[in-house]
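**Q** Please find one structure pasted underneath; my questions will follow.
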Amino acid sequence: MEDHLLRNKIFHLAHCRGVGPITQIRMLTALLDDTGLSAAQLAIKAALSSKNTAIFLNSYAAIQLEAVMERYKKEHIHWLTILDNRYPEYLRQIYNPPVVLFYQGNLALLEQKLLAVVGARKNTAYGLFVLDQLLPELIENDFVLVSGLAKGIDYAVHQKTISKKGKTIAVVGTGLDLAYPFEHKALQAEIGRDHLLLSEYPIGEKPLKQHFPMRNRIIAGLSVGTLVVEAQSRSGSLITANLALQEGREVFAVPGAITNPYSTGTNELILHGAKCVLTAEHILEELSY
């Protein structure tokens with residue numbers, strides 16, 4: 001009964017304003033000591049500012065928990081908390097893991113070998129060629145490919161993995177009832193049905209700019225390594241790669257022409273120590289089990 005109460009409180013907190021992942025971890029730590037803490041007591045335990053305390057308490061009180069849970073049921077959206085046995089261990093180990101993961105699809109994919117594959121939103125034909133060269137062997141070696149369902153390389157990773165009979169995980173920066181960009185709605189639905197769709201954001205949460213760097217930490221955190229196919233010198237793909245490095249994960253990069261702006265980021269990664277990838281074997285030799 002206490003476990004059920006705790007799980008519901010964690011779910012409740014995930015829908016509150018004025019708190020982020022680190023604050024939610026502080027509140028969870030307090031709840032583990034005393035599940036009976038009130039919202040006001042949790043705000044004190046988490047050292048919220050007066051402004052965020054007001055935002056948090058108002059949103060906490062406004063949430064009708066049973067009605068919210070019923071909506072998730074209707075949308076066929078499920079959730080894991082960081083205390084659940086099926087919560088991915090690699091993700092649990094990162095600096096600021098999400099307290100709740102919302103999901104649709106095959107949760108068992110989290111137990112397999114996960115490799116993040118990311119790249120430029122405005123990719124070139126070269127990036128697509130690289131995916132066609134690398135993905136088949138990775139799939140044959142039972143890697144589940146993780147990406148962010150963004151435009152460009154991310155979309156191509158998911159689409160090509162599915163077409164090559166592989167398995168894929170998409171981590172998105174909105175609630176799972178929304179699709180961003182909208183034109184990816186059909187692919188997102190297919191992933192949520194036949195593969196695995198993940199988000200730390202509750203239903204109704206829109207694609208705010210700050211969500212996507214946060215989404216990137218989940219992509220990197222889930223995976224044993226991150227492969228960057230194409231990237232400009234400042235891009236979300238490089239953020240994902242740097243997060244992977246911070247967590248002690250392998251980082252791989254595909255080189256490109258020095259005249260190609262979409263290879264600047266990958267070339268710089270290689271210059272600073274990422275493994276240069278010319279074939280899938282260069283990845284497999286580092287991630288052999």
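Quick note on naming: the chains in the structure tokens go A, B, ... in the order shown, residues restart at 1 in each chain, and ligands are numbered from 1 in order of appearance.
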Mind listing the strand (DSSP E or B) residues of stretch 21-156 of chain A, per DSSP on the backbone, as a list in words?
**A** His78, Trp79, Leu80, Thr81, Val100, Leu101, Phe102, Tyr103, Gln104, Gly105, Lys113, Leu114, Leu115, Ala116, Val117, Val118, Phe143, Val144, Leu145, Val146 and Ser147 of chain A
**Q** Take the residues from that selection and write them out as a tab-separated table (two decimals), in the first residue's frame, keeping N, CA, C and O atoms.
**A**
```tsv
chain	number	residue	atom	x	y	z
A	78	HIS	N	1.76	4.72	-20.49
A	78	HIS	CA	2.14	4.13	-19.21
A	78	HIS	C	3.31	4.91	-18.62
A	78	HIS	O	3.85	5.81	-19.28
A	79	TRP	N	3.70	4.58	-17.40
A	79	TRP	CA	4.85	5.28	-16.82
A	79	TRP	C	5.63	4.37	-15.88
A	79	TRP	O	5.12	3.41	-15.32
A	80	LEU	N	6.90	4.72	-15.79
A	80	LEU	CA	7.84	4.09	-14.86
A	80	LEU	C	8.35	5.16	-13.92
A	80	LEU	O	8.54	6.31	-14.33
A	81	THR	N	8.62	4.79	-12.68
A	81	THR	CA	9.34	5.71	-11.80
A	81	THR	C	10.76	5.18	-11.62
A	81	THR	O	11.04	4.01	-11.89
A	100	VAL	N	10.41	10.23	-13.54
A	100	VAL	CA	9.35	9.48	-14.21
A	100	VAL	C	9.65	9.41	-15.70
A	100	VAL	O	10.10	10.40	-16.30
A	101	LEU	N	9.43	8.25	-16.28
A	101	LEU	CA	9.48	8.07	-17.73
A	101	LEU	C	8.10	7.64	-18.21
A	101	LEU	O	7.57	6.63	-17.74
A	102	PHE	N	7.52	8.41	-19.10
A	102	PHE	CA	6.26	8.02	-19.73
A	102	PHE	C	6.59	7.24	-20.99
A	102	PHE	O	7.56	7.56	-21.70
A	103	TYR	N	5.79	6.22	-21.29
A	103	TYR	CA	6.16	5.40	-22.45
A	103	TYR	C	4.94	4.79	-23.13
A	103	TYR	O	3.87	4.62	-22.53
A	104	GLN	N	5.16	4.46	-24.39
A	104	GLN	CA	4.26	3.62	-25.17
A	104	GLN	C	5.11	2.60	-25.90
A	104	GLN	O	6.19	2.93	-26.40
A	105	GLY	N	4.63	1.36	-25.95
A	105	GLY	CA	5.34	0.36	-26.73
A	105	GLY	C	6.00	-0.72	-25.89
A	105	GLY	O	5.56	-1.02	-24.77
A	113	LYS	N	20.81	-4.09	-25.93
A	113	LYS	CA	21.95	-3.21	-26.17
A	113	LYS	C	21.46	-1.97	-26.91
A	113	LYS	O	20.93	-2.07	-27.99
A	114	LEU	N	21.67	-0.81	-26.30
A	114	LEU	CA	21.16	0.43	-26.86
A	114	LEU	C	22.31	1.31	-27.34
A	114	LEU	O	23.27	1.56	-26.61
A	115	LEU	N	22.21	1.78	-28.57
A	115	LEU	CA	23.18	2.71	-29.15
A	115	LEU	C	22.44	3.94	-29.64
A	115	LEU	O	21.50	3.83	-30.44
A	116	ALA	N	22.85	5.12	-29.17
A	116	ALA	CA	22.27	6.36	-29.66
A	116	ALA	C	22.89	6.72	-31.00
A	116	ALA	O	24.11	6.63	-31.17
A	117	VAL	N	22.05	7.13	-31.94
A	117	VAL	CA	22.52	7.59	-33.25
A	117	VAL	C	21.84	8.93	-33.52
A	117	VAL	O	20.61	9.00	-33.62
A	118	VAL	N	22.64	9.99	-33.62
A	118	VAL	CA	22.08	11.33	-33.76
A	118	VAL	C	22.82	12.08	-34.86
A	118	VAL	O	23.88	11.65	-35.32
A	143	PHE	N	21.71	-4.48	-31.89
A	143	PHE	CA	21.63	-3.18	-31.23
A	143	PHE	C	20.26	-2.56	-31.50
A	143	PHE	O	19.76	-2.59	-32.63
A	144	VAL	N	19.67	-2.02	-30.45
A	144	VAL	CA	18.46	-1.20	-30.58
A	144	VAL	C	18.95	0.24	-30.73
A	144	VAL	O	19.76	0.72	-29.92
A	145	LEU	N	18.47	0.94	-31.75
A	145	LEU	CA	18.99	2.27	-32.08
A	145	LEU	C	18.09	3.35	-31.50
A	145	LEU	O	16.88	3.35	-31.72
A	146	VAL	N	18.70	4.25	-30.75
A	146	VAL	CA	17.99	5.29	-30.00
A	146	VAL	C	18.24	6.64	-30.66
A	146	VAL	O	19.38	6.99	-30.97
A	147	SER	N	17.17	7.41	-30.86
A	147	SER	CA	17.33	8.76	-31.39
A	147	SER	C	16.18	9.62	-30.91
A	147	SER	O	15.38	9.20	-30.07
```
**Q** With DSSP run on the backbone, what are the helix (DSSP H, G or I) residues within stretch 22-219 of chain A? I'd like them as a VMD selection string.
**A** chain A and resid 22 to 33 39 to 45 50 to 62 65 to 75 89 to 92 107 to 111 125 to 140 153 to 163 182 to 194 211 to 219
**Q** Residues near A:Phe252, anyone? I mean within 9 Å using only C-alpha atoms, not counting same-chain ones fewer than 5 positions away, as a PyMOL selection string.
**A** chain A and resi 225-229+241+266+269-270+274-277+282-283
**Q** Compile a residue-level contact table for stretch 91-157 of chain A against stretch 230-236 of chain A at a cut-off of 9 Å, reporting for every qualifying residue the shortest atom pair and its distance in Å to one decimal, with only C-alpha atoms counted, rows ordered by chain and ascending number, as a Markdown table.
**A**
```
| residue | atom | partner | partner_atom | distance |
| --- | --- | --- | --- | --- |
| A:Val118 | CA | A:Glu230 | CA | 7.8 |
| A:Gly119 | CA | A:Glu230 | CA | 4.7 |
| A:Ala120 | CA | A:Ala231 | CA | 4.9 |
| A:Arg121 | CA | A:Ala231 | CA | 8.5 |
| A:Asn123 | CA | A:Glu230 | CA | 6.9 |
| A:Thr124 | CA | A:Glu230 | CA | 8.3 |
| A:Tyr126 | CA | A:Glu230 | CA | 8.7 |
| A:Gly127 | CA | A:Glu230 | CA | 6.1 |
| A:Ile153 | CA | A:Glu230 | CA | 7.7 |
```
**Q** Just checking: using only C-alpha atoms, which residue out of A:Ile258, A:Ala47, A:Ala40, A:Ala14 ends up closest to A:Arg26?
**A**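 Of all the options, A:Ala47 lies closest to A:Arg26.
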**Q** Which of these residues is nearest to A:Leu65, using only C-alpha atoms: A:Ile94, A:Ala108, A:Leu42, A:Leu5?
**A**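 For A:Leu65, the nearest of the given residues is A:Leu5.
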**Q** Which neighbours of stretch 72-74 of chain A fall inside 10 Å, counting only C-alpha atoms, when residues of the same chain fewer than 6 positions from it are skipped, and could you give them as number ranges by chain?
**A** A: 102, 176-177, 202-203
**Q** Store the residues of this selection in a file with all heavy atoms, as a CSV table (one decimal), in the first residue's frame.
**A**
```csv
chain,number,residue,atom,x,y,z
A,102,PHE,N,7.5,8.4,-19.1
A,102,PHE,CA,6.3,8.0,-19.7
A,102,PHE,C,6.6,7.2,-21.0
A,102,PHE,O,7.6,7.6,-21.7
A,102,PHE,CB,5.4,9.3,-20.1
A,102,PHE,CG,5.1,10.1,-18.8
A,102,PHE,CD1,5.9,11.2,-18.5
A,102,PHE,CD2,4.1,9.7,-18.0
A,102,PHE,CE1,5.6,11.9,-17.4
A,102,PHE,CE2,3.8,10.5,-16.9
A,102,PHE,CZ,4.5,11.6,-16.5
A,176,LEU,N,3.5,12.6,-24.7
A,176,LEU,CA,3.3,11.5,-25.7
A,176,LEU,C,2.0,11.6,-26.5
A,176,LEU,O,1.8,10.9,-27.4
A,176,LEU,CB,3.5,10.2,-25.1
A,176,LEU,CG,4.9,9.8,-24.5
A,176,LEU,CD1,4.9,8.4,-24.0
A,176,LEU,CD2,6.0,10.1,-25.5
A,177,ASP,N,1.2,12.5,-26.1
A,177,ASP,CA,-0.1,12.8,-26.8
A,177,ASP,C,0.1,13.8,-27.9
A,177,ASP,O,-0.8,14.0,-28.7
A,177,ASP,CB,-1.2,13.3,-25.9
A,177,ASP,CG,-0.8,14.5,-25.1
A,177,ASP,OD1,0.4,14.7,-24.8
A,177,ASP,OD2,-1.7,15.4,-24.9
A,202,PRO,N,4.9,15.1,-19.1
A,202,PRO,CA,3.5,14.6,-19.1
A,202,PRO,C,2.7,15.0,-20.3
A,202,PRO,O,3.1,15.8,-21.1
A,202,PRO,CB,3.0,15.2,-17.8
A,202,PRO,CG,3.8,16.5,-17.6
A,202,PRO,CD,5.2,16.1,-18.1
A,203,ILE,N,1.5,14.3,-20.4
A,203,ILE,CA,0.7,14.6,-21.5
A,203,ILE,C,0.3,16.1,-21.5
A,203,ILE,O,0.2,16.7,-20.5
A,203,ILE,CB,-0.6,13.8,-21.5
A,203,ILE,CG1,-1.3,13.8,-20.2
A,203,ILE,CG2,-0.3,12.3,-21.9
A,203,ILE,CD1,-2.6,13.1,-20.1
```
**Q** Tell me which protein, DNA and RNA residues are within 12 Å of A:Arg92, counting only C-alpha atoms, leaving out same-chain ones fewer than 6 positions away, and put them as a ChimeraX atom specification.
**A** /A:25,80-86,98-101,217-218,220-223,247
**Q** At a cut-off of 12 Å, using only C-alpha atoms, what residues contact A:Gln41? Leave out same-chain residues fewer than 6 positions from it and give the result as a tab-separated table (two decimals) with all heavy atoms, in the first residue's frame.
**A**
```tsv
chain	number	residue	atom	x	y	z
A	26	ARG	N	15.10	15.54	-5.11
A	26	ARG	CA	15.13	15.95	-3.69
A	26	ARG	C	13.81	15.62	-2.99
A	26	ARG	O	13.80	15.14	-1.85
A	26	ARG	CB	15.39	17.47	-3.59
A	26	ARG	CG	16.79	17.90	-3.99
A	26	ARG	CD	16.88	19.41	-3.95
A	26	ARG	NE	18.16	19.89	-4.44
A	26	ARG	CZ	18.36	21.11	-4.94
A	26	ARG	NH1	17.35	21.97	-4.99
A	26	ARG	NH2	19.54	21.47	-5.37
A	27	MET	N	12.71	15.85	-3.69
A	27	MET	CA	11.40	15.54	-3.10
A	27	MET	C	11.22	14.04	-2.93
A	27	MET	O	10.68	13.58	-1.92
A	27	MET	CB	10.29	16.13	-3.97
A	27	MET	CG	10.22	17.64	-3.94
A	27	MET	SD	8.84	18.30	-4.91
A	27	MET	CE	8.91	20.04	-4.45
A	30	ALA	N	13.02	12.85	0.09
A	30	ALA	CA	12.26	13.18	1.30
A	30	ALA	C	11.08	12.22	1.48
A	30	ALA	O	10.80	11.77	2.61
A	30	ALA	CB	11.78	14.62	1.23
A	31	LEU	N	10.41	11.88	0.40
A	31	LEU	CA	9.27	10.97	0.48
A	31	LEU	C	9.68	9.56	0.88
A	31	LEU	O	8.90	8.84	1.52
A	31	LEU	CB	8.54	10.92	-0.87
A	31	LEU	CG	7.67	12.14	-1.19
A	31	LEU	CD1	7.20	12.08	-2.64
A	31	LEU	CD2	6.48	12.24	-0.24
A	34	ASP	N	9.55	9.71	4.45
A	34	ASP	CA	8.22	9.92	5.02
A	34	ASP	C	7.22	10.17	3.89
A	34	ASP	O	7.14	11.27	3.34
A	34	ASP	CB	8.24	11.12	5.97
A	34	ASP	CG	6.90	11.37	6.65
A	34	ASP	OD1	5.94	10.63	6.36
A	34	ASP	OD2	6.82	12.31	7.47
A	35	THR	N	6.46	9.14	3.53
A	35	THR	CA	5.50	9.27	2.43
A	35	THR	C	4.34	10.20	2.79
A	35	THR	O	3.59	10.61	1.90
A	35	THR	CB	4.92	7.90	2.04
A	35	THR	OG1	4.35	7.28	3.20
A	35	THR	CG2	6.00	7.00	1.45
A	47	ALA	N	13.99	22.96	-0.90
A	47	ALA	CA	14.57	24.31	-0.87
A	47	ALA	C	14.10	25.15	-2.07
A	47	ALA	O	14.89	25.87	-2.70
A	47	ALA	CB	16.10	24.25	-0.83
A	48	LEU	N	12.82	25.08	-2.38
A	48	LEU	CA	12.28	25.88	-3.47
A	48	LEU	C	12.29	27.36	-3.11
A	48	LEU	O	12.11	27.72	-1.94
A	48	LEU	CB	10.85	25.47	-3.79
A	48	LEU	CG	10.61	24.12	-4.48
A	48	LEU	CD1	9.13	23.95	-4.78
A	48	LEU	CD2	11.42	24.00	-5.76
A	53	THR	N	7.82	28.02	-5.01
A	53	THR	CA	6.94	27.38	-4.02
A	53	THR	C	5.48	27.70	-4.33
A	53	THR	O	4.62	26.81	-4.31
A	53	THR	CB	7.29	27.85	-2.60
A	53	THR	OG1	8.60	27.37	-2.25
A	53	THR	CG2	6.29	27.30	-1.58
A	56	PHE	N	4.46	25.83	-7.46
A	56	PHE	CA	4.36	24.40	-7.18
A	56	PHE	C	3.10	24.09	-6.38
A	56	PHE	O	2.34	23.18	-6.74
A	56	PHE	CB	5.60	23.94	-6.41
A	56	PHE	CG	5.47	22.58	-5.80
A	56	PHE	CD1	5.39	21.44	-6.60
A	56	PHE	CD2	5.42	22.41	-4.42
A	56	PHE	CE1	5.27	20.18	-6.04
A	56	PHE	CE2	5.31	21.16	-3.85
A	56	PHE	CZ	5.22	20.03	-4.66
A	57	LEU	N	2.84	24.82	-5.32
A	57	LEU	CA	1.69	24.52	-4.46
A	57	LEU	C	0.37	24.73	-5.22
A	57	LEU	O	-0.57	23.94	-5.05
A	57	LEU	CB	1.73	25.39	-3.21
A	57	LEU	CG	2.87	25.10	-2.23
A	57	LEU	CD1	2.83	26.07	-1.05
A	57	LEU	CD2	2.81	23.66	-1.74
```
**Q** Find, counting only C-alpha atoms, the residue in A:Ala179, A:Leu128, A:Leu198, A:Ala257 that gets nearest to A:Pro88.
**A**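 The answer is A:Leu198, which sits nearest to A:Pro88.
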